[in-house]
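Trainee: File follows, upload_30.txt with compact mmCIF, C-alpha atoms (C1' of nucleotides):
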```txt
# COMPACT_ATOMS: atom_id res chain seq x y z
CA MET F 151 13.51 150.45 103.24
CA THR F 152 14.98 147.47 101.50
CA ASN F 153 17.77 144.93 101.95
CA HIS F 154 20.82 147.23 102.41
CA SER F 155 18.54 149.24 104.65
CA GLU F 156 21.20 150.54 106.98
CA LEU F 157 22.70 152.64 104.22
CA ILE F 158 19.60 154.74 103.89
CA LYS F 159 19.75 156.39 107.30
CA GLY F 160 19.31 160.11 107.08
CA THR F 161 18.37 160.21 103.41
CA LEU F 162 14.62 159.67 103.61
CA GLY F 163 13.77 163.25 104.57
CA THR F 164 15.84 164.53 101.68
CA ILE F 165 14.22 162.12 99.25
CA ILE F 166 10.74 163.23 100.28
CA LEU F 167 11.63 166.91 100.06
CA ARG F 168 13.13 166.42 96.63
CA LEU F 169 10.11 164.56 95.25
CA LEU F 170 7.74 167.17 96.63
CA SER F 171 9.80 169.97 95.11
CA GLN F 172 9.53 168.26 91.74
CA LYS F 173 5.93 167.11 91.78
CA GLY F 174 4.46 170.00 93.75
CA ARG F 175 1.97 167.88 95.65
CA MET F 176 2.04 164.24 96.66
CA TYR F 177 0.35 161.87 99.08
CA GLY F 178 2.09 159.20 101.12
CA TYR F 179 1.28 156.10 99.19
CA GLU F 180 2.16 157.89 95.96
CA ILE F 181 5.64 158.60 97.35
CA THR F 182 6.26 154.94 98.14
CA GLN F 183 5.26 153.94 94.61
CA LEU F 184 7.27 156.66 92.89
CA VAL F 185 10.44 155.84 94.83
CA LYS F 186 9.97 152.19 93.96
CA GLU F 187 9.49 153.10 90.31
CA ILE F 188 12.46 155.48 90.03
CA THR F 189 14.84 153.10 91.77
CA ASP F 190 13.57 150.08 89.89
CA GLY F 191 12.54 148.43 93.14
CA LYS F 192 15.94 148.91 94.77
CA VAL F 193 14.61 151.32 97.38
CA LEU F 194 11.35 150.45 99.09
CA VAL F 195 10.01 153.02 101.51
CA LYS F 196 7.92 151.33 104.18
CA GLU F 197 4.91 152.85 105.91
CA GLY F 198 6.66 152.59 109.26
CA SER F 199 9.35 154.89 107.91
CA LEU F 200 7.34 157.15 105.66
CA TYR F 201 4.47 158.35 107.80
CA PRO F 202 6.56 159.29 110.84
CA ALA F 203 8.94 161.11 108.46
CA LEU F 204 6.06 163.02 106.87
CA HIS F 205 4.63 163.93 110.26
CA LYS F 206 8.00 165.23 111.34
CA LEU F 207 8.30 167.40 108.24
CA GLU F 208 4.88 168.80 109.03
CA ALA F 209 5.77 169.39 112.68
CA ASP F 210 8.89 171.21 111.50
CA GLY F 211 6.80 173.44 109.27
CA LEU F 212 8.38 172.25 106.04
CA VAL F 213 5.15 170.91 104.55
CA THR F 214 1.45 171.58 104.82
CA THR F 215 -1.29 169.01 104.36
CA GLU F 216 -4.63 168.88 102.65
CA GLU F 217 -7.07 166.00 102.89
CA VAL F 218 -8.96 164.94 99.82
CA PHE F 219 -11.66 162.31 99.66
CA ILE F 220 -11.48 159.79 96.85
CA GLY F 221 -14.89 158.21 97.22
CA LYS F 222 -14.96 157.34 100.93
CA ARG F 223 -11.20 157.03 101.21
CA VAL F 224 -8.97 159.82 102.52
CA ARG F 225 -5.88 160.99 100.73
CA LYS F 226 -3.53 163.34 102.53
CA TYR F 227 -1.63 165.55 100.16
CA TYR F 228 1.64 167.16 101.19
CA THR F 229 2.97 170.42 99.78
CA LEU F 230 6.22 172.24 100.54
CA THR F 231 6.06 175.52 102.44
CA GLN F 232 8.57 178.22 101.53
CA PRO F 233 10.91 177.09 104.34
CA GLY F 234 10.34 173.60 102.99
CA LYS F 235 11.46 174.65 99.52
CA ASN F 236 14.61 176.18 100.94
CA ALA F 237 15.24 173.10 103.05
CA ALA F 238 14.73 170.85 100.01
CA GLN F 239 17.37 172.69 98.04
CA ALA F 240 19.84 172.76 100.91
CA SER F 241 19.18 169.14 101.83
CA VAL F 242 19.67 167.86 98.28
CA ASP F 243 22.87 169.87 97.90
CA GLU F 244 24.21 168.53 101.16
CA LEU F 245 23.37 164.95 100.27
CA LEU F 246 24.99 165.25 96.85
CA ALA F 247 28.15 166.63 98.44
CA PHE F 248 28.11 163.80 100.93
CA LEU F 249 27.67 161.18 98.19
CA LYS F 250 30.65 162.67 96.38
CA THR F 251 32.76 162.63 99.52
CA ILE F 252 31.99 159.00 100.29
CA HIS F 253 32.49 157.99 96.67
CA ASN F 254 35.91 159.57 96.73
CA LEU F 255 36.73 157.99 100.05
CA ILE F 256 36.03 154.46 98.89
CA THR F 257 37.57 154.77 95.43
CA ALA F 258 40.65 156.94 96.06
CA GLN F 259 43.51 154.94 94.59
CA PRO F 260 46.78 156.56 95.69
CA LEU F 261 45.72 156.85 99.30
CA ALA F 262 46.93 159.78 101.29
CA SER F 263 49.47 158.56 103.78
CA TYR F 264 49.01 159.79 107.30
CA GLY F 265 52.37 159.59 109.02
CA ALA F 266 54.34 159.61 105.80
CA ALA F 267 54.55 162.24 103.03
CA MET T 28 31.21 161.20 112.50
CA THR T 29 30.74 164.83 111.62
CA ASN T 30 27.96 167.39 111.22
CA HIS T 31 25.73 165.61 108.69
CA SER T 32 26.36 162.58 110.83
CA GLU T 33 23.11 160.82 110.19
CA LEU T 34 24.05 160.24 106.58
CA ILE T 35 26.94 158.01 107.46
CA LYS T 36 24.98 155.13 108.94
CA GLY T 37 26.01 151.84 107.48
CA THR T 38 29.02 153.14 105.61
CA LEU T 39 31.68 153.01 108.32
CA GLY T 40 32.31 149.28 108.07
CA THR T 41 32.75 149.60 104.32
CA ILE T 42 35.13 152.54 104.72
CA ILE T 43 37.31 150.63 107.16
CA LEU T 44 37.37 147.52 104.99
CA ARG T 45 38.30 149.59 101.95
CA LEU T 46 41.16 151.40 103.70
CA LEU T 47 42.52 148.16 105.07
CA SER T 48 42.39 146.54 101.65
CA GLN T 49 44.41 149.44 100.27
CA LYS T 50 46.93 149.93 103.04
CA GLY T 51 47.29 146.32 104.13
CA ARG T 52 47.65 147.13 107.81
CA MET T 53 46.37 150.00 109.91
CA TYR T 54 45.72 150.93 113.52
CA GLY T 55 42.66 152.72 114.83
CA TYR T 56 43.97 156.20 115.30
CA GLU T 57 45.62 156.04 111.91
CA ILE T 58 42.24 155.29 110.31
CA THR T 59 40.65 158.36 111.90
CA GLN T 60 43.46 160.57 110.61
CA LEU T 61 43.47 159.10 107.12
CA VAL T 62 39.72 159.48 106.69
CA LYS T 63 40.01 163.08 107.89
CA GLU T 64 42.83 163.68 105.42
CA ILE T 65 41.14 162.07 102.40
CA THR T 66 37.83 163.84 102.99
CA ASP T 67 39.49 167.16 103.78
CA GLY T 68 37.95 167.17 107.24
CA LYS T 69 34.44 166.54 105.98
CA VAL T 70 34.20 163.11 107.57
CA LEU T 71 35.46 162.73 111.12
CA VAL T 72 35.39 159.22 112.53
CA LYS T 73 34.97 159.34 116.29
CA GLU T 74 36.46 156.85 118.73
CA GLY T 75 33.00 155.93 119.95
CA SER T 76 32.17 154.81 116.42
CA LEU T 77 35.49 153.41 115.31
CA TYR T 78 36.51 151.06 118.06
CA PRO T 79 33.18 149.27 118.37
CA ALA T 80 33.18 148.93 114.56
CA LEU T 81 36.69 147.45 114.56
CA HIS T 82 35.81 145.07 117.37
CA LYS T 83 32.79 143.92 115.42
CA LEU T 84 34.87 143.28 112.32
CA GLU T 85 37.21 141.21 114.45
CA ALA T 86 34.35 139.31 116.06
CA ASP T 87 33.02 138.58 112.58
CA GLY T 88 36.39 137.18 111.53
CA LEU T 89 37.01 139.82 108.86
CA VAL T 90 40.17 141.19 110.48
CA THR T 91 42.93 139.96 112.73
CA THR T 92 44.87 142.09 115.19
CA GLU T 93 48.45 142.46 116.23
CA GLU T 94 49.67 144.62 119.11
CA VAL T 95 52.86 146.58 118.72
CA PHE T 96 54.56 148.64 121.40
CA ILE T 97 55.78 152.09 120.44
CA GLY T 98 57.82 152.91 123.51
CA LYS T 99 55.37 152.16 126.30
CA ARG T 100 52.29 152.84 124.23
CA VAL T 101 50.28 150.10 122.55
CA ARG T 102 49.26 150.20 118.94
CA LYS T 103 46.76 147.65 117.68
CA TYR T 104 47.17 146.88 114.01
CA TYR T 105 44.30 145.47 111.98
CA THR T 106 44.73 143.29 108.90
CA LEU T 107 42.09 141.78 106.61
CA THR T 108 41.57 138.02 106.65
CA GLN T 109 40.67 136.31 103.39
CA PRO T 110 36.95 136.51 104.20
CA GLY T 111 37.64 140.15 105.06
CA LYS T 112 39.13 140.77 101.62
CA ASN T 113 36.10 139.24 99.97
CA ALA T 114 33.78 141.25 102.19
CA ALA T 115 35.69 144.44 101.40
CA GLN T 116 35.20 143.98 97.68
CA ALA T 117 31.52 143.09 98.01
CA SER T 118 30.86 145.86 100.50
CA VAL T 119 32.47 148.55 98.34
CA ASP T 120 30.59 147.36 95.28
CA GLU T 121 27.30 147.42 97.13
CA LEU T 122 27.92 150.88 98.52
CA LEU T 123 28.85 152.25 95.11
CA ALA T 124 25.65 150.83 93.64
CA PHE T 125 23.67 152.36 96.46
CA LEU T 126 25.30 155.77 95.99
CA LYS T 127 24.38 155.63 92.33
CA THR T 128 20.78 154.72 93.11
CA ILE T 129 20.34 157.56 95.59
CA HIS T 130 22.09 160.01 93.29
CA ASN T 131 19.68 159.10 90.55
CA LEU T 132 16.72 159.33 92.89
CA ILE T 133 17.47 162.88 94.00
CA THR T 134 18.52 164.23 90.62
CA ALA T 135 16.08 162.52 88.22
CA GLN T 136 14.56 165.40 86.27
CA PRO T 137 11.61 164.05 84.30
CA LEU T 138 10.18 162.18 87.25
CA ALA T 139 8.41 158.96 86.62
CA SER T 140 4.76 159.49 87.21
CA TYR T 141 3.03 156.91 89.29
CA GLY T 142 -0.64 156.95 88.36
CA ALA T 143 -0.06 158.70 85.06
CA ALA T 144 1.92 157.51 82.03
C1' DT S 264 -20.40 136.55 95.54
C1' DT S 265 -16.26 135.96 97.46
C1' DA S 266 -11.52 136.04 98.12
C1' DC S 267 -7.39 138.34 97.22
C1' DT S 268 -4.84 142.25 96.11
C1' DA S 269 -4.11 147.10 95.97
C1' DT S 270 -4.91 151.51 97.90
C1' DA S 271 -4.42 154.56 101.99
C1' DC S 272 -3.91 156.04 106.38
C1' DA S 273 -1.60 155.23 111.12
C1' DT S 274 1.02 153.61 115.57
C1' DT S 275 3.90 150.65 118.83
C1' DG S 276 7.84 148.51 119.88
C1' DT S 277 12.49 146.96 118.24
C1' DA S 278 17.15 146.98 116.37
C1' DA S 279 21.13 149.10 114.36
C1' DA S 280 24.58 152.48 114.27
C1' DG S 281 27.07 156.30 115.31
C1' DC S 282 27.85 159.95 118.91
C1' DT S 283 28.80 162.19 123.47
C1' DA S 284 31.00 161.89 127.43
C1' DT S 285 34.18 159.86 130.04
C1' DG S 286 38.30 157.29 131.41
C1' DT S 287 43.34 155.92 131.31
C1' DA S 288 47.97 156.59 129.85
C1' DT S 289 52.09 158.05 127.04
C1' DT S 290 54.48 161.35 124.10
C1' DT S 291 55.35 165.64 121.93
C1' DT S 292 55.22 170.62 121.56
C1' DA S 293 54.69 175.41 122.85
C1' DT Y 108 55.24 172.73 132.69
C1' DA Y 109 50.92 172.86 130.75
C1' DA Y 110 48.50 171.79 126.65
C1' DA Y 111 47.86 169.11 122.74
C1' DA Y 112 48.43 164.96 120.25
C1' DT Y 113 48.65 160.04 120.25
C1' DA Y 114 46.26 155.67 121.41
C1' DC Y 115 43.35 152.63 123.42
C1' DA Y 116 38.46 151.68 125.39
C1' DT Y 117 33.42 151.61 127.16
C1' DA Y 118 28.54 153.09 128.88
C1' DG Y 119 24.60 155.30 127.85
C1' DC Y 120 21.98 158.27 124.51
C1' DT Y 121 19.76 159.52 120.28
C1' DT Y 122 18.30 159.03 115.82
C1' DT Y 123 16.28 156.50 112.22
C1' DA Y 124 14.25 153.04 109.71
C1' DC Y 125 11.82 148.67 110.07
C1' DA Y 126 8.54 144.84 111.37
C1' DA Y 127 4.29 143.99 112.94
C1' DT Y 128 -0.10 145.30 113.50
C1' DG Y 129 -4.48 147.72 112.86
C1' DT Y 130 -8.42 149.91 110.26
C1' DA Y 131 -10.92 150.67 106.13
C1' DT Y 132 -12.20 151.22 101.10
C1' DA Y 133 -11.76 149.81 96.21
C1' DG Y 134 -10.82 146.86 92.45
C1' DT Y 135 -10.27 142.28 90.29
C1' DA Y 136 -10.25 137.50 89.39
C1' DA Y 137 -12.24 133.02 90.46
```
Re-express the file's structure as structure tokens.
Mentor:
Amino acid sequence: MTNHSELIKGTLGTIILRLLSQKGRMYGYEITQLVKEITDGKVLVKEGSLYPALHKLEADGLVTTEEVFIGKRVRKYYTLTQPGKNAAQASVDELLAFLKTIHNLITAQPLASYGAA
Amino acid sequence: MTNHSELIKGTLGTIILRLLSQKGRMYGYEITQLVKEITDGKVLVKEGSLYPALHKLEADGLVTTEEVFIGKRVRKYYTLTQPGKNAAQASVDELLAFLKTIHNLITAQPLASYGAA
DNA sequence: TTACTATACATTGTAAAGCTATGTATTTTA
DNA sequence: TAAAATACATAGCTTTACAATGTATAGTAA
């Protein structure tokens, strides 16, 4: 994605699922632009990350695709299946819980004291 | 680390630096137990992750080590160097900013609309 | 008209990071 | 006395995103 790219690992699938659950239908390039817009350029999804991720979601049955021609150019729209909708909800919930856990871990002031207390 | 293990990528170094900056001095096994305690078992740092990460911090000059014998058993204490203290602060700040960005990305309700607006 | 940029898809090979499995050894607890 | 906890460590695997590359159409500015 972008500079602090190692932090992103494991979140891309969730991000895609979430955007699809909100917008209903999106195509790849649109996802890259929307993520860029929402994060004010702080997260940049690259093609080398996005398309394999989308193909995996499709292989896992979480999305279906539909090709639309814009003039002579193909657009491949992705839509969540019902399992995909369930996965989106679960995935977002899990990621939020994880963010909370890590936030707590790196801000906890009176640290628990293994070995003492 | 634990079940949702893919989410952790890139955060372990920051977690270690943060704990060391709080506790002053820690040894490997102690770190695994403290993380487990603080996160209520939700994050489990494995040896195969921890020790290579500690060795890398040492190789990068961010920590120094000190071996202490407890009976016949060795304990290797890690302490932040000055560059390590600086890195800890910067690393925590960056991770917090990242957490905020991702949180916003997966909770933003009125999604920005690339192509519209 | 001609570059350059944006749109739009895709794949191959690479690097980073944590995990599993394994190994060694001491100490404590059931 | 056996199992679990403490305490270190490494080799090889897997996952995941990225860089680089490729193809092609559409729009825009010189």
Trainee: Is it possible to get the superposed chain F, fitted on chain T over all Cα pairs by sequence order, as a PDB file with C-alpha atoms, in the frame of the given file?
Mentor:
```
ATOM      1  CA  MET F 151      31.268 161.382 112.607  1.00  0.00           C
ATOM      2  CA  THR F 152      30.760 164.995 111.737  1.00  0.00           C
ATOM      3  CA  ASN F 153      27.943 167.509 111.310  1.00  0.00           C
ATOM      4  CA  HIS F 154      25.695 165.702 108.763  1.00  0.00           C
ATOM      5  CA  SER F 155      26.354 162.637 110.868  1.00  0.00           C
ATOM      6  CA  GLU F 156      23.073 160.905 110.212  1.00  0.00           C
ATOM      7  CA  LEU F 157      23.992 160.369 106.587  1.00  0.00           C
ATOM      8  CA  ILE F 158      26.900 158.155 107.467  1.00  0.00           C
ATOM      9  CA  LYS F 159      24.914 155.295 108.965  1.00  0.00           C
ATOM     10  CA  GLY F 160      25.982 151.972 107.588  1.00  0.00           C
ATOM     11  CA  THR F 161      29.014 153.247 105.705  1.00  0.00           C
ATOM     12  CA  LEU F 162      31.664 153.097 108.416  1.00  0.00           C
ATOM     13  CA  GLY F 163      32.283 149.355 108.136  1.00  0.00           C
ATOM     14  CA  THR F 164      32.718 149.694 104.398  1.00  0.00           C
ATOM     15  CA  ILE F 165      35.091 152.620 104.783  1.00  0.00           C
ATOM     16  CA  ILE F 166      37.279 150.684 107.206  1.00  0.00           C
ATOM     17  CA  LEU F 167      37.326 147.594 105.008  1.00  0.00           C
ATOM     18  CA  ARG F 168      38.251 149.663 101.988  1.00  0.00           C
ATOM     19  CA  LEU F 169      41.122 151.456 103.727  1.00  0.00           C
ATOM     20  CA  LEU F 170      42.484 148.190 105.075  1.00  0.00           C
ATOM     21  CA  SER F 171      42.311 146.598 101.636  1.00  0.00           C
ATOM     22  CA  GLN F 172      44.354 149.479 100.264  1.00  0.00           C
ATOM     23  CA  LYS F 173      46.892 149.965 103.022  1.00  0.00           C
ATOM     24  CA  GLY F 174      47.243 146.339 104.082  1.00  0.00           C
ATOM     25  CA  ARG F 175      47.614 147.100 107.768  1.00  0.00           C
ATOM     26  CA  MET F 176      46.346 149.972 109.869  1.00  0.00           C
ATOM     27  CA  TYR F 177      45.741 150.863 113.498  1.00  0.00           C
ATOM     28  CA  GLY F 178      42.709 152.687 114.839  1.00  0.00           C
ATOM     29  CA  TYR F 179      44.040 156.149 115.326  1.00  0.00           C
ATOM     30  CA  GLU F 180      45.677 155.992 111.904  1.00  0.00           C
ATOM     31  CA  ILE F 181      42.265 155.298 110.349  1.00  0.00           C
ATOM     32  CA  THR F 182      40.712 158.360 111.966  1.00  0.00           C
ATOM     33  CA  GLN F 183      43.526 160.559 110.660  1.00  0.00           C
ATOM     34  CA  LEU F 184      43.504 159.114 107.152  1.00  0.00           C
ATOM     35  CA  VAL F 185      39.739 159.525 106.777  1.00  0.00           C
ATOM     36  CA  LYS F 186      40.059 163.097 107.975  1.00  0.00           C
ATOM     37  CA  GLU F 187      42.857 163.704 105.488  1.00  0.00           C
ATOM     38  CA  ILE F 188      41.146 162.116 102.469  1.00  0.00           C
ATOM     39  CA  THR F 189      37.860 163.896 103.090  1.00  0.00           C
ATOM     40  CA  ASP F 190      39.524 167.197 103.867  1.00  0.00           C
ATOM     41  CA  GLY F 191      38.010 167.198 107.339  1.00  0.00           C
ATOM     42  CA  LYS F 192      34.472 166.600 106.086  1.00  0.00           C
ATOM     43  CA  VAL F 193      34.238 163.164 107.677  1.00  0.00           C
ATOM     44  CA  LEU F 194      35.515 162.764 111.214  1.00  0.00           C
ATOM     45  CA  VAL F 195      35.433 159.261 112.620  1.00  0.00           C
ATOM     46  CA  LYS F 196      35.086 159.378 116.391  1.00  0.00           C
ATOM     47  CA  GLU F 197      36.542 156.856 118.816  1.00  0.00           C
ATOM     48  CA  GLY F 198      33.067 155.975 120.042  1.00  0.00           C
ATOM     49  CA  SER F 199      32.228 154.856 116.521  1.00  0.00           C
ATOM     50  CA  LEU F 200      35.532 153.447 115.378  1.00  0.00           C
ATOM     51  CA  TYR F 201      36.574 151.066 118.116  1.00  0.00           C
ATOM     52  CA  PRO F 202      33.225 149.282 118.436  1.00  0.00           C
ATOM     53  CA  ALA F 203      33.191 148.972 114.622  1.00  0.00           C
ATOM     54  CA  LEU F 204      36.689 147.479 114.605  1.00  0.00           C
ATOM     55  CA  HIS F 205      35.803 145.059 117.384  1.00  0.00           C
ATOM     56  CA  LYS F 206      32.763 143.944 115.453  1.00  0.00           C
ATOM     57  CA  LEU F 207      34.822 143.306 112.329  1.00  0.00           C
ATOM     58  CA  GLU F 208      37.161 141.217 114.437  1.00  0.00           C
ATOM     59  CA  ALA F 209      34.291 139.321 116.058  1.00  0.00           C
ATOM     60  CA  ASP F 210      32.940 138.628 112.574  1.00  0.00           C
ATOM     61  CA  GLY F 211      36.288 137.226 111.506  1.00  0.00           C
ATOM     62  CA  LEU F 212      36.914 139.855 108.853  1.00  0.00           C
ATOM     63  CA  VAL F 213      40.098 141.194 110.440  1.00  0.00           C
ATOM     64  CA  THR F 214      42.859 139.933 112.676  1.00  0.00           C
ATOM     65  CA  THR F 215      44.827 142.030 115.137  1.00  0.00           C
ATOM     66  CA  GLU F 216      48.426 142.354 116.157  1.00  0.00           C
ATOM     67  CA  GLU F 217      49.677 144.487 119.019  1.00  0.00           C
ATOM     68  CA  VAL F 218      52.872 146.420 118.602  1.00  0.00           C
ATOM     69  CA  PHE F 219      54.612 148.453 121.261  1.00  0.00           C
ATOM     70  CA  ILE F 220      55.832 151.900 120.306  1.00  0.00           C
ATOM     71  CA  GLY F 221      57.950 152.666 123.338  1.00  0.00           C
ATOM     72  CA  LYS F 222      55.541 151.918 126.195  1.00  0.00           C
ATOM     73  CA  ARG F 223      52.447 152.638 124.140  1.00  0.00           C
ATOM     74  CA  VAL F 224      50.371 149.920 122.475  1.00  0.00           C
ATOM     75  CA  ARG F 225      49.321 150.057 118.869  1.00  0.00           C
ATOM     76  CA  LYS F 226      46.776 147.552 117.631  1.00  0.00           C
ATOM     77  CA  TYR F 227      47.164 146.816 113.968  1.00  0.00           C
ATOM     78  CA  TYR F 228      44.281 145.428 111.941  1.00  0.00           C
ATOM     79  CA  THR F 229      44.670 143.268 108.848  1.00  0.00           C
ATOM     80  CA  LEU F 230      42.005 141.800 106.569  1.00  0.00           C
ATOM     81  CA  THR F 231      41.462 138.045 106.600  1.00  0.00           C
ATOM     82  CA  GLN F 232      40.548 136.359 103.322  1.00  0.00           C
ATOM     83  CA  PRO F 233      36.822 136.570 104.171  1.00  0.00           C
ATOM     84  CA  GLY F 234      37.545 140.180 105.050  1.00  0.00           C
ATOM     85  CA  LYS F 235      39.031 140.824 101.618  1.00  0.00           C
ATOM     86  CA  ASN F 236      35.983 139.330  99.958  1.00  0.00           C
ATOM     87  CA  ALA F 237      33.688 141.330 102.209  1.00  0.00           C
ATOM     88  CA  ALA F 238      35.622 144.526 101.427  1.00  0.00           C
ATOM     89  CA  GLN F 239      35.135 144.068  97.713  1.00  0.00           C
ATOM     90  CA  ALA F 240      31.464 143.194  98.034  1.00  0.00           C
ATOM     91  CA  SER F 241      30.813 145.977 100.527  1.00  0.00           C
ATOM     92  CA  VAL F 242      32.457 148.657  98.384  1.00  0.00           C
ATOM     93  CA  ASP F 243      30.575 147.477  95.303  1.00  0.00           C
ATOM     94  CA  GLU F 244      27.297 147.545  97.165  1.00  0.00           C
ATOM     95  CA  LEU F 245      27.923 151.008  98.555  1.00  0.00           C
ATOM     96  CA  LEU F 246      28.876 152.379  95.146  1.00  0.00           C
ATOM     97  CA  ALA F 247      25.690 150.953  93.653  1.00  0.00           C
ATOM     98  CA  PHE F 248      23.709 152.473  96.477  1.00  0.00           C
ATOM     99  CA  LEU F 249      25.341 155.890  95.999  1.00  0.00           C
ATOM    100  CA  LYS F 250      24.439 155.731  92.319  1.00  0.00           C
ATOM    101  CA  THR F 251      20.856 154.792  93.090  1.00  0.00           C
ATOM    102  CA  ILE F 252      20.381 157.630  95.557  1.00  0.00           C
ATOM    103  CA  HIS F 253      22.105 160.097  93.252  1.00  0.00           C
ATOM    104  CA  ASN F 254      19.711 159.156  90.499  1.00  0.00           C
ATOM    105  CA  LEU F 255      16.753 159.338  92.825  1.00  0.00           C
ATOM    106  CA  ILE F 256      17.449 162.887  93.928  1.00  0.00           C
ATOM    107  CA  THR F 257      18.491 164.254  90.539  1.00  0.00           C
ATOM    108  CA  ALA F 258      16.093 162.499  88.139  1.00  0.00           C
ATOM    109  CA  GLN F 259      14.511 165.324  86.175  1.00  0.00           C
ATOM    110  CA  PRO F 260      11.586 163.899  84.190  1.00  0.00           C
ATOM    111  CA  LEU F 261      10.181 162.001  87.134  1.00  0.00           C
ATOM    112  CA  ALA F 262       8.480 158.727  86.504  1.00  0.00           C
ATOM    113  CA  SER F 263       4.787 159.180  87.052  1.00  0.00           C
ATOM    114  CA  TYR F 264       3.130 156.562  89.177  1.00  0.00           C
ATOM    115  CA  GLY F 265      -0.543 156.534  88.284  1.00  0.00           C
ATOM    116  CA  ALA F 266      -0.026 158.127  84.901  1.00  0.00           C
ATOM    117  CA  ALA F 267       1.969 156.927  81.866  1.00  0.00           C
TER     118      ALA F 267
END
```
Trainee: Chain Y residues within 8 Å of chain T, counting only C-alpha atoms (C1' of nucleotides): which ones, as a VMD selection string?
Mentor: chain Y and resid 113 to 116 122
Trainee: Select residues of chain T: the criterion is any atom within 9 Å of an atom of chain F, counting all atoms listed in the file; output as a ChimeraX atom specification.
Mentor: /T:31-38,41-42,45-46,49-50,57-58,60-62,64-66,69-70,119,121-123,125-142
Trainee: Here is a test: counting all atoms listed in the file, which residue of S:DA288, S:DA273, S:DC282, S:DA293 is nearest to chain F?
Mentor: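 Under the stated criterion, the closest residue is S:DA273.
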Trainee: For CA of Ala114 (chain T) and C1' of DA279 (chain S), quote the distance in Å rounded to one decimal.
Mentor: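 So the answer is 19.2 Å.
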Trainee: One number please: CA of Leu84 (chain T) to CA of Gly98 (chain T), in Å, one decimal.
Mentor: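 Computing it gives 27.3 Å between the two atoms.
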Trainee: Kindly give the distance, in Å, that separates CA of Tyr105 (chain T) and CA of Leu47 (chain T), rounded to a single decimal.
Mentor: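 Computed distance, CA of Tyr105 (chain T) to CA of Leu47 (chain T), equals 7.6 Å.
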Trainee: Given the choices F:Gln239, F:Thr231, F:Ser199, F:Thr214, which gets closest to chain S if the distance is worked out from all atoms listed in the file?
Mentor: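 Looking at the shortest contact to chain S, the residue is F:Ser199.
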Trainee: Mind listing as a list in words which residues of chain S are within 10 Å of chain F, counting all atoms listed in the file?
Mentor: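 Only these qualify: DT270, DA271, DC272, DA273, DT274, DA279 and DA280 of chain S.
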Trainee: Taking (5.2, 170.9, 104.7) in the file's own coordinates, collect the residues within 12 Å, counting only C-alpha atoms (C1' of nucleotides), and hand them back as a compact mmCIF listing (two decimals) with C-alpha atoms, in the coordinates of the input.
Mentor:
```txt
# COMPACT_ATOMS: atom_id res chain seq x y z
CA GLY F 163 13.77 163.25 104.57
CA ILE F 166 10.74 163.23 100.28
CA LEU F 167 11.63 166.91 100.06
CA LEU F 170 7.74 167.17 96.63
CA SER F 171 9.80 169.97 95.11
CA GLY F 174 4.46 170.00 93.75
CA ARG F 175 1.97 167.88 95.65
CA MET F 176 2.04 164.24 96.66
CA TYR F 177 0.35 161.87 99.08
CA ALA F 203 8.94 161.11 108.46
CA LEU F 204 6.06 163.02 106.87
CA HIS F 205 4.63 163.93 110.26
CA LYS F 206 8.00 165.23 111.34
CA LEU F 207 8.30 167.40 108.24
CA GLU F 208 4.88 168.80 109.03
CA ALA F 209 5.77 169.39 112.68
CA ASP F 210 8.89 171.21 111.50
CA GLY F 211 6.80 173.44 109.27
CA LEU F 212 8.38 172.25 106.04
CA VAL F 213 5.15 170.91 104.55
CA THR F 214 1.45 171.58 104.82
CA THR F 215 -1.29 169.01 104.36
CA GLU F 216 -4.63 168.88 102.65
CA LYS F 226 -3.53 163.34 102.53
CA TYR F 227 -1.63 165.55 100.16
CA TYR F 228 1.64 167.16 101.19
CA THR F 229 2.97 170.42 99.78
CA LEU F 230 6.22 172.24 100.54
CA THR F 231 6.06 175.52 102.44
CA GLN F 232 8.57 178.22 101.53
CA PRO F 233 10.91 177.09 104.34
CA GLY F 234 10.34 173.60 102.99
CA LYS F 235 11.46 174.65 99.52
CA ASN F 236 14.61 176.18 100.94
CA ALA F 237 15.24 173.10 103.05
CA ALA F 238 14.73 170.85 100.01
```
Trainee: Within 12 Å of DA136 (chain Y), counting all atoms listed in the file, which residues qualify if same-chain residues fewer than 2 places away don't, as a VMD selection string?
Mentor: (chain S and resid 264 to 268) or (chain Y and resid 134)
Trainee: Rebuild region 60-66 of chain T to N, CA and C atoms - output it as a PDB file, keeping the file's coordinate frame, please.
Mentor:
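This is the output file result_18.pdb:
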```pdb
ATOM      1  N   GLN T  60      42.692 159.488 111.221  1.00  0.00           N
ATOM      2  CA  GLN T  60      43.460 160.570 110.610  1.00  0.00           C
ATOM      3  C   GLN T  60      43.439 160.494 109.085  1.00  0.00           C
ATOM      4  N   LEU T  61      43.475 159.262 108.573  1.00  0.00           N
ATOM      5  CA  LEU T  61      43.470 159.100 107.120  1.00  0.00           C
ATOM      6  C   LEU T  61      42.127 159.498 106.505  1.00  0.00           C
ATOM      7  N   VAL T  62      41.049 159.102 107.183  1.00  0.00           N
ATOM      8  CA  VAL T  62      39.720 159.480 106.690  1.00  0.00           C
ATOM      9  C   VAL T  62      39.580 161.002 106.706  1.00  0.00           C
ATOM     10  N   LYS T  63      40.047 161.615 107.767  1.00  0.00           N
ATOM     11  CA  LYS T  63      40.010 163.080 107.890  1.00  0.00           C
ATOM     12  C   LYS T  63      40.794 163.728 106.752  1.00  0.00           C
ATOM     13  N   GLU T  64      41.949 163.137 106.452  1.00  0.00           N
ATOM     14  CA  GLU T  64      42.830 163.680 105.420  1.00  0.00           C
ATOM     15  C   GLU T  64      42.198 163.531 104.028  1.00  0.00           C
ATOM     16  N   ILE T  65      41.716 162.324 103.731  1.00  0.00           N
ATOM     17  CA  ILE T  65      41.140 162.070 102.400  1.00  0.00           C
ATOM     18  C   ILE T  65      39.904 162.925 102.146  1.00  0.00           C
ATOM     19  N   THR T  66      39.086 163.095 103.187  1.00  0.00           N
ATOM     20  CA  THR T  66      37.830 163.840 102.990  1.00  0.00           C
ATOM     21  C   THR T  66      37.994 165.322 103.301  1.00  0.00           C
TER      22      THR T  66
END
```
